file model.pdb (PDB, C-alpha atoms, pLDDT in the B column)
ATOM      1  CA  ALA A 239      10.966  37.326 -25.224  1.00 75.00           C
ATOM      2  CA  GLY A 240       8.455  34.919 -26.715  1.00 79.00           C
ATOM      3  CA  CYS A 241       7.497  34.348 -30.332  1.00 80.00           C
ATOM      4  CA  GLU A 242       5.636  31.757 -32.403  1.00 82.00           C
ATOM      5  CA  GLU A 243       8.628  29.385 -32.573  1.00 86.00           C
ATOM      6  CA  GLY A 244       9.678  29.515 -28.922  1.00 88.00           C
ATOM      7  CA  THR A 245      11.291  31.791 -26.388  1.00 89.00           C
ATOM      8  CA  ALA A 246      14.502  33.738 -26.850  1.00 87.00           C
ATOM      9  CA  ILE A 247      17.181  33.046 -24.294  1.00 86.00           C
ATOM     10  CA  VAL A 248      20.423  34.830 -23.479  1.00 85.00           C
ATOM     11  CA  HIS A 249      23.332  32.886 -21.995  1.00 81.00           C
ATOM     12  CA  GLN A 250      26.221  34.564 -20.251  1.00 83.00           C
ATOM     13  CA  ASP A 251      29.507  32.697 -20.200  1.00 83.00           C
ATOM     14  CA  GLY A 252      32.050  34.876 -18.462  1.00 86.00           C
ATOM     15  CA  GLY A 253      31.864  38.199 -20.245  1.00 86.00           C
ATOM     16  CA  GLU A 254      30.357  36.770 -23.421  1.00 90.00           C
ATOM     17  CA  LEU A 255      26.635  36.862 -24.192  1.00 91.00           C
ATOM     18  CA  SER A 256      25.021  34.504 -26.676  1.00 89.00           C
ATOM     19  CA  LEU A 257      21.464  34.571 -27.962  1.00 89.00           C
ATOM     20  CA  GLY A 258      19.503  31.370 -28.571  1.00 88.00           C
ATOM     21  CA  LEU A 259      15.991  29.993 -28.904  1.00 89.00           C
ATOM     22  CA  LEU A 260      14.162  27.443 -26.783  1.00 90.00           C
ATOM     23  CA  PRO A 261      11.684  25.915 -29.244  1.00 90.00           C
ATOM     24  CA  TYR A 262       8.202  24.925 -28.093  1.00 90.00           C
ATOM     25  CA  PRO A 263       7.657  21.160 -27.912  1.00 90.00           C
ATOM     26  CA  ASP A 264       6.172  19.606 -31.058  1.00 88.00           C
ATOM     27  CA  ASP A 265       2.991  18.588 -29.202  1.00 88.00           C
ATOM     28  CA  PHE A 266       2.151  22.175 -28.169  1.00 88.00           C
ATOM     29  CA  PRO A 267      -0.769  23.772 -30.036  1.00 86.00           C
ATOM     30  CA  GLY A 268       0.102  26.696 -32.330  1.00 81.00           C
ATOM     31  CA  ASN A 269       0.137  29.587 -29.874  1.00 85.00           C
ATOM     32  CA  ALA A 270       2.839  31.969 -28.705  1.00 86.00           C
ATOM     33  CA  THR A 271       4.142  33.417 -25.468  1.00 87.00           C
ATOM     34  CA  GLY A 272       3.696  37.168 -25.119  1.00 85.00           C
ATOM     35  CA  THR A 273       4.137  37.975 -21.445  1.00 89.00           C
ATOM     36  CA  LEU A 274       6.983  36.400 -19.467  1.00 90.00           C
ATOM     37  CA  LEU A 275       7.538  36.767 -15.728  1.00 92.00           C
ATOM     38  CA  GLY A 276      10.619  35.693 -13.827  1.00 90.00           C
ATOM     39  CA  GLY A 277      11.666  35.841 -10.228  1.00 80.00           C
ATOM     40  CA  SER A 278      15.035  36.407  -8.631  1.00 77.00           C
ATOM     41  CA  ALA A 279      15.068  33.395  -6.291  1.00 76.00           C
ATOM     42  CA  VAL A 280      14.342  30.657  -8.857  1.00 80.00           C
ATOM     43  CA  GLN A 281      15.375  30.747 -12.509  1.00 85.00           C
ATOM     44  CA  ILE A 282      12.053  29.409 -13.732  1.00 90.00           C
ATOM     45  CA  PHE A 283       9.805  31.620 -15.804  1.00 93.00           C
ATOM     46  CA  VAL A 284       6.045  31.766 -16.325  1.00 95.00           C
ATOM     47  CA  GLY A 285       4.429  33.042 -19.490  1.00 93.00           C
ATOM     48  CA  ASP A 286       1.063  33.137 -21.144  1.00 93.00           C
ATOM     49  CA  TYR A 287       0.483  30.692 -23.976  1.00 92.00           C
ATOM     50  CA  GLY A 288      -2.615  31.568 -25.919  1.00 89.00           C
ATOM     51  CA  ASP A 289      -5.712  32.729 -24.080  1.00 90.00           C
ATOM     52  CA  THR A 290      -6.174  29.985 -21.493  1.00 92.00           C
ATOM     53  CA  ASP A 291      -2.820  28.300 -20.924  1.00 93.00           C
ATOM     54  CA  LEU A 292       0.352  29.266 -19.128  1.00 95.00           C
ATOM     55  CA  VAL A 293       3.816  27.865 -19.748  1.00 94.00           C
ATOM     56  CA  VAL A 294       6.398  27.216 -17.082  1.00 95.00           C
ATOM     57  CA  ILE A 295       9.884  27.506 -18.550  1.00 93.00           C
ATOM     58  CA  ASP A 296      12.959  25.921 -17.006  1.00 91.00           C
ATOM     59  CA  PRO A 297      15.766  27.013 -19.348  1.00 87.00           C
ATOM     60  CA  GLU A 298      18.219  24.488 -17.872  1.00 85.00           C
ATOM     61  CA  THR A 299      16.184  21.262 -17.968  1.00 87.00           C
ATOM     62  CA  GLU A 300      14.641  19.625 -21.029  1.00 86.00           C
ATOM     63  CA  PRO A 301      11.908  19.670 -22.243  1.00 86.00           C
ATOM     64  CA  TYR A 302      12.200  23.313 -21.034  1.00 91.00           C
ATOM     65  CA  PHE A 303       8.439  24.006 -21.389  1.00 93.00           C
ATOM     66  CA  SER A 304       5.511  22.676 -19.381  1.00 94.00           C
ATOM     67  CA  ARG A 305       2.004  23.781 -20.327  1.00 94.00           C
ATOM     68  CA  VAL A 306      -0.678  24.328 -17.674  1.00 95.00           C
ATOM     69  CA  GLU A 307      -4.238  24.498 -18.957  1.00 94.00           C
ATOM     70  CA  PHE A 308      -6.915  26.624 -17.285  1.00 95.00           C
ATOM     71  CA  PRO A 309     -10.674  26.259 -17.825  1.00 92.00           C
ATOM     72  CA  PHE A 310     -11.134  29.948 -18.694  1.00 96.00           C
ATOM     73  CA  ARG A 311      -9.051  32.704 -20.232  1.00 95.00           C
ATOM     74  CA  HIS A 312      -6.569  34.301 -17.836  1.00 95.00           C
ATOM     75  CA  VAL A 313      -7.075  37.939 -16.929  1.00 96.00           C
ATOM     76  CA  ASP A 314      -3.775  38.406 -15.071  1.00 96.00           C
ATOM     77  CA  PHE A 315      -1.052  36.387 -13.392  1.00 97.00           C
ATOM     78  CA  VAL A 316       1.779  37.222 -11.012  1.00 97.00           C
ATOM     79  CA  LEU A 317       4.678  35.474  -9.281  1.00 95.00           C
ATOM     80  CA  ASP A 318       5.104  35.449  -5.499  1.00 94.00           C
ATOM     81  CA  PRO A 319       8.518  36.985  -4.693  1.00 90.00           C
ATOM     82  CA  ALA A 320       8.520  35.632  -1.115  1.00 88.00           C
ATOM     83  CA  LYS A 321       7.356  32.116  -2.041  1.00 92.00           C
ATOM     84  CA  PRO A 322       8.930  31.634  -5.479  1.00 91.00           C
ATOM     85  CA  GLN A 323       7.263  28.267  -6.078  1.00 93.00           C
ATOM     86  CA  TYR A 324       3.882  30.000  -6.427  1.00 95.00           C
ATOM     87  CA  ALA A 325       2.165  31.962  -9.155  1.00 96.00           C
ATOM     88  CA  TYR A 326      -1.349  33.373  -8.803  1.00 98.00           C
ATOM     89  CA  VAL A 327      -3.672  33.412 -11.799  1.00 97.00           C
ATOM     90  CA  LEU A 328      -7.015  35.194 -12.114  1.00 97.00           C
ATOM     91  CA  THR A 329      -9.295  33.723 -14.780  1.00 97.00           C
ATOM     92  CA  GLU A 330     -12.176  35.549 -16.437  1.00 96.00           C
ATOM     93  CA  ASP A 331     -14.784  33.657 -14.399  1.00 97.00           C
ATOM     94  CA  GLY A 332     -13.434  35.561 -11.343  1.00 97.00           C
ATOM     95  CA  THR A 333     -11.524  32.612  -9.859  1.00 97.00           C
ATOM     96  CA  LEU A 334      -8.110  33.133  -8.289  1.00 98.00           C
ATOM     97  CA  HIS A 335      -5.831  30.088  -8.667  1.00 97.00           C
ATOM     98  CA  ARG A 336      -2.578  29.308  -6.839  1.00 97.00           C
ATOM     99  CA  LEU A 337      -0.208  27.425  -9.147  1.00 97.00           C
ATOM    100  CA  ASN A 338       2.851  25.624  -7.833  1.00 96.00           C
ATOM    101  CA  ILE A 339       5.289  26.240 -10.693  1.00 94.00           C
ATOM    102  CA  LEU A 340       7.624  23.457  -9.489  1.00 93.00           C
ATOM    103  CA  SER A 341       5.006  20.670  -9.366  1.00 94.00           C
ATOM    104  CA  LEU A 342       2.648  22.286 -11.948  1.00 94.00           C
ATOM    105  CA  GLU A 343      -0.292  21.679  -9.598  1.00 94.00           C
ATOM    106  CA  ARG A 344      -3.070  24.162  -8.946  1.00 92.00           C
ATOM    107  CA  SER A 345      -3.022  23.784  -5.190  1.00 86.00           C
ATOM    108  CA  SER A 346      -5.981  26.071  -4.410  1.00 93.00           C
ATOM    109  CA  ARG A 347      -8.595  28.267  -5.944  1.00 95.00           C
ATOM    110  CA  ALA A 348     -11.252  30.659  -4.714  1.00 96.00           C
ATOM    111  CA  SER A 349     -13.825  33.028  -6.131  1.00 96.00           C
ATOM    112  CA  ALA A 350     -12.338  36.540  -6.005  1.00 97.00           C
ATOM    113  CA  THR A 351     -14.416  38.781  -8.313  1.00 96.00           C
ATOM    114  CA  ALA A 352     -17.397  38.716 -10.600  1.00 95.00           C
ATOM    115  CA  HIS A 353     -16.879  37.657 -14.214  1.00 96.00           C
ATOM    116  CA  TYR A 354     -14.547  39.871 -16.280  1.00 96.00           C
ATOM    117  CA  SER A 355     -14.717  39.143 -19.986  1.00 93.00           C
ATOM    118  CA  MET A 356     -11.522  39.194 -21.997  1.00 93.00           C
ATOM    119  CA  ASP A 357     -13.537  40.256 -25.048  1.00 94.00           C
ATOM    120  CA  GLY A 358     -13.122  43.865 -26.088  1.00 92.00           C
ATOM    121  CA  HIS A 359     -10.068  46.100 -26.220  1.00 92.00           C
ATOM    122  CA  TRP A 360      -6.881  45.052 -24.405  1.00 86.00           C
ATOM    123  CA  ARG A 361      -6.924  48.385 -22.519  1.00 89.00           C
ATOM    124  CA  ASP A 362     -10.402  47.829 -21.054  1.00 91.00           C
ATOM    125  CA  PRO A 363     -10.243  47.974 -17.239  1.00 93.00           C
ATOM    126  CA  ARG A 364      -9.772  44.490 -15.809  1.00 95.00           C
ATOM    127  CA  PRO A 365      -8.382  43.233 -12.513  1.00 97.00           C
ATOM    128  CA  ARG A 366      -4.645  43.238 -11.905  1.00 97.00           C
ATOM    129  CA  LEU A 367      -2.647  41.359  -9.275  1.00 97.00           C
ATOM    130  CA  ALA A 368       0.341  42.130  -7.054  1.00 96.00           C
ATOM    131  CA  VAL A 369       1.842  40.259  -4.117  1.00 95.00           C
ATOM    132  CA  ALA A 370       2.945  42.050  -0.948  1.00 92.00           C
ATOM    133  CA  GLY A 371       4.293  39.784   1.796  1.00 90.00           C
ATOM    134  CA  ASP A 372       1.621  37.201   2.604  1.00 94.00           C
ATOM    135  CA  GLU A 373      -1.118  39.143   0.822  1.00 96.00           C
ATOM    136  CA  ILE A 374      -2.327  39.324  -2.737  1.00 97.00           C
ATOM    137  CA  VAL A 375      -3.641  42.704  -3.834  1.00 97.00           C
ATOM    138  CA  LEU A 376      -6.322  42.537  -6.520  1.00 97.00           C
ATOM    139  CA  THR A 377      -7.931  45.490  -8.254  1.00 97.00           C
ATOM    140  CA  ASP A 378     -11.636  45.135  -9.000  1.00 97.00           C
ATOM    141  CA  PRO A 379     -12.398  47.985 -11.432  1.00 96.00           C
ATOM    142  CA  ASN A 380     -16.118  47.309 -11.854  1.00 95.00           C
ATOM    143  CA  GLU A 381     -16.681  47.490  -8.100  1.00 96.00           C
ATOM    144  CA  GLY A 382     -14.287  50.391  -7.405  1.00 95.00           C
ATOM    145  CA  LEU A 383     -12.389  48.196  -4.936  1.00 96.00           C
ATOM    146  CA  VAL A 384      -8.922  46.977  -4.154  1.00 96.00           C
ATOM    147  CA  ARG A 385      -9.224  43.547  -2.557  1.00 97.00           C
ATOM    148  CA  VAL A 386      -6.605  42.204  -0.146  1.00 97.00           C
ATOM    149  CA  ILE A 387      -6.455  38.394  -0.150  1.00 98.00           C
ATOM    150  CA  ASP A 388      -4.552  35.970   2.066  1.00 97.00           C
ATOM    151  CA  SER A 389      -1.997  34.134  -0.105  1.00 96.00           C
ATOM    152  CA  GLU A 390      -2.418  30.839   1.798  1.00 95.00           C
ATOM    153  CA  SER A 391      -6.195  30.498   2.108  1.00 96.00           C
ATOM    154  CA  LEU A 392      -7.065  32.777  -0.848  1.00 97.00           C
ATOM    155  CA  GLU A 393      -9.756  34.298   1.390  1.00 97.00           C
ATOM    156  CA  GLU A 394     -10.452  38.007   1.182  1.00 97.00           C
ATOM    157  CA  LEU A 395      -9.075  39.751   4.274  1.00 98.00           C
ATOM    158  CA  ARG A 396     -10.449  43.211   3.527  1.00 97.00           C
ATOM    159  CA  SER A 397     -11.390  45.512   0.694  1.00 97.00           C
ATOM    160  CA  ILE A 398     -10.532  49.143   0.129  1.00 96.00           C
ATOM    161  CA  GLU A 399     -13.030  51.406  -1.607  1.00 96.00           C
ATOM    162  CA  VAL A 400     -11.428  53.802  -4.048  1.00 94.00           C
ATOM    163  CA  GLU A 401     -12.868  56.510  -6.217  1.00 88.00           C
ATOM    164  CA  GLY A 402     -12.861  55.769  -9.894  1.00 88.00           C
ATOM    165  CA  THR A 403     -11.731  52.594 -11.594  1.00 91.00           C
ATOM    166  CA  PRO A 404      -8.677  50.954 -10.014  1.00 91.00           C
ATOM    167  CA  TYR A 405      -6.666  49.260 -12.693  1.00 86.00           C
ATOM    168  CA  ASN A 406      -2.935  48.646 -12.302  1.00 90.00           C
ATOM    169  CA  VAL A 407      -1.361  47.853  -8.970  1.00 91.00           C
ATOM    170  CA  LEU A 408       2.260  47.569  -7.885  1.00 88.00           C
ATOM    171  CA  ALA A 409       3.709  46.330  -4.603  1.00 87.00           C
ATOM    172  CA  VAL A 410       6.875  48.145  -3.534  1.00 83.00           C
ATOM    173  CA  GLY A 411       8.949  47.190  -0.525  1.00 75.00           C
ATOM    174  CA  GLY A 412      12.374  46.816   0.940  1.00 67.00           C
ATOM    175  CA  SER A 413      14.325  44.577   3.230  1.00 66.00           C
ATOM    176  CA  GLY A 414      17.392  44.751   5.400  1.00 66.00           C
ATOM    177  CA  LEU A 415      18.600  47.427   7.750  1.00 66.00           C
ATOM    178  CA  VAL A 416      19.131  50.116   5.123  1.00 62.00           C
ATOM    179  CA  HIS A 417      16.603  50.884   2.409  1.00 53.00           C
TER     180      HIS A 417
END

call {"tool": "encode", "arguments": {"input": "model.pdb", "output": "structure tokens"}}
result
Amino acid sequence: AGCEEGTAIVHQDGGELSLGLLPYPDDFPGNATGTLLGGSAVQIFVGDYGDTDLVVIDPETEPYFSRVEFPFRHVDFVLDPAKPQYAYVLTEDGTLHRLNILSLERSSRASATAHYSMDGHWRDPRPRLAVAGDEIVLTDPNEGLVRVIDSESLEELRSIEVEGTPYNVLAVGGSGLVH
């Protein structure tokens, strides 16, 4: 969990759990992390930090936090479970960014939707992201579409018209011989 001072961390040593705090670096502006995402393949976490920045958190290596600035406020971000070095970030100008969380480089970007303002209520319909295999699924509530985007090229592969206002999206899958 994030707060104004840093991010809470839980260590497990054998059967014992201990709670600690990873403080933000002194040179970080006065924001806080609210949403944290973590994958299962790499123990590096991504969180929001204010309206425009994301933080990449490596709880094992100092300085623990790296801040990545974006030119516009982020609407949504998601981690790629199949390619754990990547996060995808949609900014309010409608641009989809691919962020390499290991190198902190934005390796690609593409226009994905029209502008979605982050002004207004937090529950206002805005695009949401999910990753399914090699595809990114992006809801586009104002257009009544679900867009399917190639995770490598960030090009739209197809769109699916839906009735109403698509909002949240979740990718569910399985692997192995028995599900």

call {"tool": "resolve_selection", "arguments": {"input": "model.pdb", "expression": "the PyMOL selection byres ((chain A and resi 284) around 6)", "output": "CSV table (one decimal) with C-alpha atoms, keeping the file's coordinate frame"}}
result
chain,number,residue,atom,x,y,z
A,274,LEU,CA,7.0,36.4,-19.5
A,275,LEU,CA,7.5,36.8,-15.7
A,283,PHE,CA,9.8,31.6,-15.8
A,285,GLY,CA,4.4,33.0,-19.5
A,293,VAL,CA,3.8,27.9,-19.7
A,294,VAL,CA,6.4,27.2,-17.1

call {"tool": "residues_around", "arguments": {"input": "model.pdb", "residues": "Pro309 in chain A", "least_positions_apart": "4", "cutoff": "12 Å", "atoms": "only C-alpha atoms", "output": "ChimeraX atom specification"}}
result
/A:289-292,327-333,335,344

call {"tool": "resolve_selection", "arguments": {"input": "model.pdb", "expression": "the PyMOL selection byres ((chain A and resi 350) around 10)", "output": "PyMOL selection string"}}
result
chain A and resi 328-329+331-335+347-349+351-353+376+378+385-387+392-394

call {"tool": "residues_around", "arguments": {"input": "model.pdb", "residues": "Ser389 in chain A", "least_positions_apart": "2", "cutoff": "6 Å", "atoms": "all atoms listed in the file", "output": "PyMOL selection string"}}
result
chain A and resi 372-374+391-392

call {"tool": "closest_residue", "arguments": {"input": "model.pdb", "among": "A:Ile282, A:Pro297, A:Thr377, A:Cys241", "to": "Ile339 in chain A", "atoms": "all atoms listed in the file"}}
result
A:Ile282

call {"tool": "closest_residue", "arguments": {"input": "model.pdb", "among": "A:Glu390, A:Glu307, A:Asp314, A:Thr245", "to": "Ser346 in chain A", "atoms": "all atoms listed in the file"}}
result
A:Glu390
